[in-house]
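Asks: Attaching a single structure in structure tokens format; questions to follow.
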Amino acid sequence: MPPVSLHFQHRCSDVKPLLPAYVLIEYGFNDASIPAGRLIPRCGLSAFRENLAEMIRMVREAKGIPILVVNHPIVGTKTPQGNRRSYLQNFLPYQKAIRQVARTTKTPAIDLERDMKRAKVPLKKLLAEDGLHLTPGGNLVYGDDIFSGFCRVLGGTH
């Protein structure tokens with residue numbers, strides 16, 4: 001998935017005709033990435049926050065209900081990014097930013113990282129060798145956690 005700054009321009013027009021509806025908004029992994037030869041992320045943290053808040057505003061304006069998704073946990077990778085820091089070090093501020101935007105905009109959030117850590121999901125079963133992408137079993141856990149979080153947001157139980 002492209003960073004939020006690029007994706008935002010294309011997807012809002014795709015989603016708007018489907019509103020009102022619930023809209024799950026999940027970004028951060030590609031935004032935090034700092035490719036080799038670069039020193040700054042694909043989408044800076046300030047712009048990341050602003051774009052999330054703008055997506056939330058647009059969804060609400062169209063009578064939709066936005067729900068932010070805090071990404072699943074990851075482990076540090078051995079390969080440093082362009083700024084010589086690990087992907088995990090570059091990514092963690094984006095997780096915090098998603099939570100911050102959820103609080104400041106009063107938007108419900110499904111916190112996959114928190115939920116998976118509380119459930120003591122073993123990361124070796126959840127993540128592929130790269131420490132970032134989900135395994136087939138990790139995708140099942142992800143789907144279950146999204147469903148459970150969605151039920152919580154709706155006020156149901158699961």
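Residue numbers start at 1 in each chain; chains themselves are named A, B, ... in the order of the structure tokens; ligands are numbered from 1 in the order shown.
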For Ala32 of chain A, work out the shell of residues within 7 Å, counting only C-alpha atoms and skipping chain neighbours fewer than 2 positions away, then give it as a PDB file with C-alpha atoms, in the first residue's frame.

Replies:
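To be explicit, this is the file written out as out-v2.pdb:
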```pdb
ATOM      1  CA  GLY A  28       1.721   3.737   8.921  1.00  0.00           C
ATOM      2  CA  PHE A  29       3.970   0.920   7.736  1.00  0.00           C
ATOM      3  CA  ASN A  30       4.889   2.362   4.345  1.00  0.00           C
ATOM      4  CA  ILE A  34      13.025   5.260   4.840  1.00  0.00           C
ATOM      5  CA  PRO A  41      10.428   8.880   5.697  1.00  0.00           C
ATOM      6  CA  ARG A  42       8.124   8.536   2.730  1.00  0.00           C
ATOM      7  CA  CYS A  43       5.552  10.578   4.646  1.00  0.00           C
ATOM      8  CA  ASN A  90      11.339   4.473  12.496  1.00  0.00           C
ATOM      9  CA  PHE A  91       7.872   2.949  12.754  1.00  0.00           C
ATOM     10  CA  TYR A  94       3.694   6.353  13.688  1.00  0.00           C
TER      11      TYR A  94
END
```

Asks: When you look at Val121 of chain A with a cut-off of 12 Å (counting only C-alpha atoms), what residues show up, excluding the ones that are within fewer than 2 positions of it in the same chain? I need them as number ranges by chain.

Replies: A: 72-74, 112-119, 123-127, 137-138, 140-142, 145

Asks: Any chance you could export the current selection's N, CA and C atoms as a CSV table (one decimal), in the first residue's frame?

Replies:
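Done, and the output landed in selection-v2.csv:
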```
chain,number,residue,atom,x,y,z
A,72,HIS,N,-0.5,-3.9,13.6
A,72,HIS,CA,0.0,-5.1,14.4
A,72,HIS,C,1.4,-4.9,14.8
A,73,PRO,N,1.8,-5.6,15.9
A,73,PRO,CA,3.2,-5.4,16.3
A,73,PRO,C,4.2,-6.0,15.3
A,74,ILE,N,5.4,-5.5,15.4
A,74,ILE,CA,6.5,-6.0,14.5
A,74,ILE,C,7.7,-6.1,15.4
A,112,LEU,N,-4.5,-3.1,17.2
A,112,LEU,CA,-4.0,-4.4,17.0
A,112,LEU,C,-2.8,-4.7,17.8
A,113,GLU,N,-1.9,-3.8,17.9
A,113,GLU,CA,-0.7,-4.0,18.7
A,113,GLU,C,-1.0,-4.3,20.1
A,114,ARG,N,-1.8,-3.5,20.7
A,114,ARG,CA,-2.2,-3.7,22.1
A,114,ARG,C,-2.9,-5.0,22.3
A,115,ASP,N,-3.9,-5.2,21.5
A,115,ASP,CA,-4.7,-6.5,21.6
A,115,ASP,C,-3.8,-7.7,21.5
A,116,MET,N,-2.9,-7.7,20.5
A,116,MET,CA,-2.1,-8.9,20.2
A,116,MET,C,-1.1,-9.1,21.4
A,117,LYS,N,-0.6,-8.0,21.9
A,117,LYS,CA,0.4,-8.1,23.0
A,117,LYS,C,-0.4,-8.6,24.3
A,118,ARG,N,-1.6,-8.1,24.5
A,118,ARG,CA,-2.4,-8.6,25.7
A,118,ARG,C,-2.7,-10.1,25.6
A,119,ALA,N,-3.0,-10.5,24.4
A,119,ALA,CA,-3.3,-11.9,24.1
A,119,ALA,C,-2.1,-12.8,24.1
A,123,LEU,N,5.0,-13.7,18.4
A,123,LEU,CA,5.3,-13.0,17.2
A,123,LEU,C,6.0,-13.9,16.1
A,124,LYS,N,6.6,-15.0,16.6
A,124,LYS,CA,7.2,-15.9,15.6
A,124,LYS,C,6.2,-16.6,14.7
A,125,LYS,N,5.0,-16.8,15.3
A,125,LYS,CA,3.9,-17.4,14.5
A,125,LYS,C,3.1,-16.3,13.7
A,126,LEU,N,3.1,-15.1,14.2
A,126,LEU,CA,2.4,-14.0,13.6
A,126,LEU,C,3.1,-13.5,12.4
A,127,LEU,N,4.4,-13.3,12.5
A,127,LEU,CA,5.2,-12.6,11.5
A,127,LEU,C,6.1,-13.5,10.7
A,137,GLY,N,-1.0,-17.7,9.2
A,137,GLY,CA,-1.6,-17.8,10.5
A,137,GLY,C,-1.7,-16.4,11.1
A,138,GLY,N,-0.8,-15.5,10.9
A,138,GLY,CA,-0.9,-14.1,11.3
A,138,GLY,C,-2.0,-13.4,10.7
A,140,LEU,N,-4.8,-14.8,9.9
A,140,LEU,CA,-6.0,-15.3,10.6
A,140,LEU,C,-6.2,-14.5,11.9
A,141,VAL,N,-5.1,-14.4,12.7
A,141,VAL,CA,-5.2,-13.6,13.9
A,141,VAL,C,-5.6,-12.2,13.7
A,142,TYR,N,-5.0,-11.6,12.6
A,142,TYR,CA,-5.3,-10.2,12.2
A,142,TYR,C,-6.8,-10.1,12.0
A,145,ASP,N,-8.8,-10.3,15.1
A,145,ASP,CA,-8.7,-9.1,16.0
A,145,ASP,C,-9.4,-7.9,15.4
```

Asks: Segment 101-103 of chain A: which residues within 9 Å, counting only C-alpha atoms, same-chain residues fewer than 2 positions away excluded, as a list of chain:residue names?

Replies: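 Everything that qualifies: A:Arg49, A:Glu50, A:Leu52, A:Ala53, A:Ile67, A:Leu68, A:Lys96, A:Ala97, A:Ile98, A:Arg99, A:Thr105, A:Lys106, A:Thr107, A:Pro108, A:Ala109.
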
Asks: Please return as a PyMOL selection string: the residues of chain A that backbone DSSP assigns to helix (DSSP H, G or I).

Replies: chain A and resi 4-18+29-32+45-61+87-105+112-118+123-126+136-154

Asks: Please identify all polymer residues within 9 Å of Leu88 of chain A, counting only C-alpha atoms, omitting same-chain residues fewer than 3 positions from it, and present them as a PDB file with C-alpha atoms, in the first residue's frame.

Replies:
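Output file result25.pdb is given in full below:
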```
ATOM      1  CA  ILE A  74       6.466  -5.973  14.493  1.00  0.00           C
ATOM      2  CA  VAL A  75      10.029  -6.848  15.471  1.00  0.00           C
ATOM      3  CA  GLY A  76      13.205  -5.006  14.574  1.00  0.00           C
ATOM      4  CA  THR A  77      14.810  -6.013  11.325  1.00  0.00           C
ATOM      5  CA  ARG A  85      17.975   3.126  12.190  1.00  0.00           C
ATOM      6  CA  PHE A  91       7.872   2.949  12.754  1.00  0.00           C
ATOM      7  CA  LEU A  92       7.062   3.284  16.479  1.00  0.00           C
ATOM      8  CA  LEU A 132       7.000  -7.139   9.423  1.00  0.00           C
TER       9      LEU A 132
END
```

Asks: Identify which of the residues A:Ile110, A:Lys78, A:Met55, A:Pro122 lies closest to Ser148 of chain A, counting only C-alpha atoms when measuring atom-to-atom distances.

Replies: A:Ile110
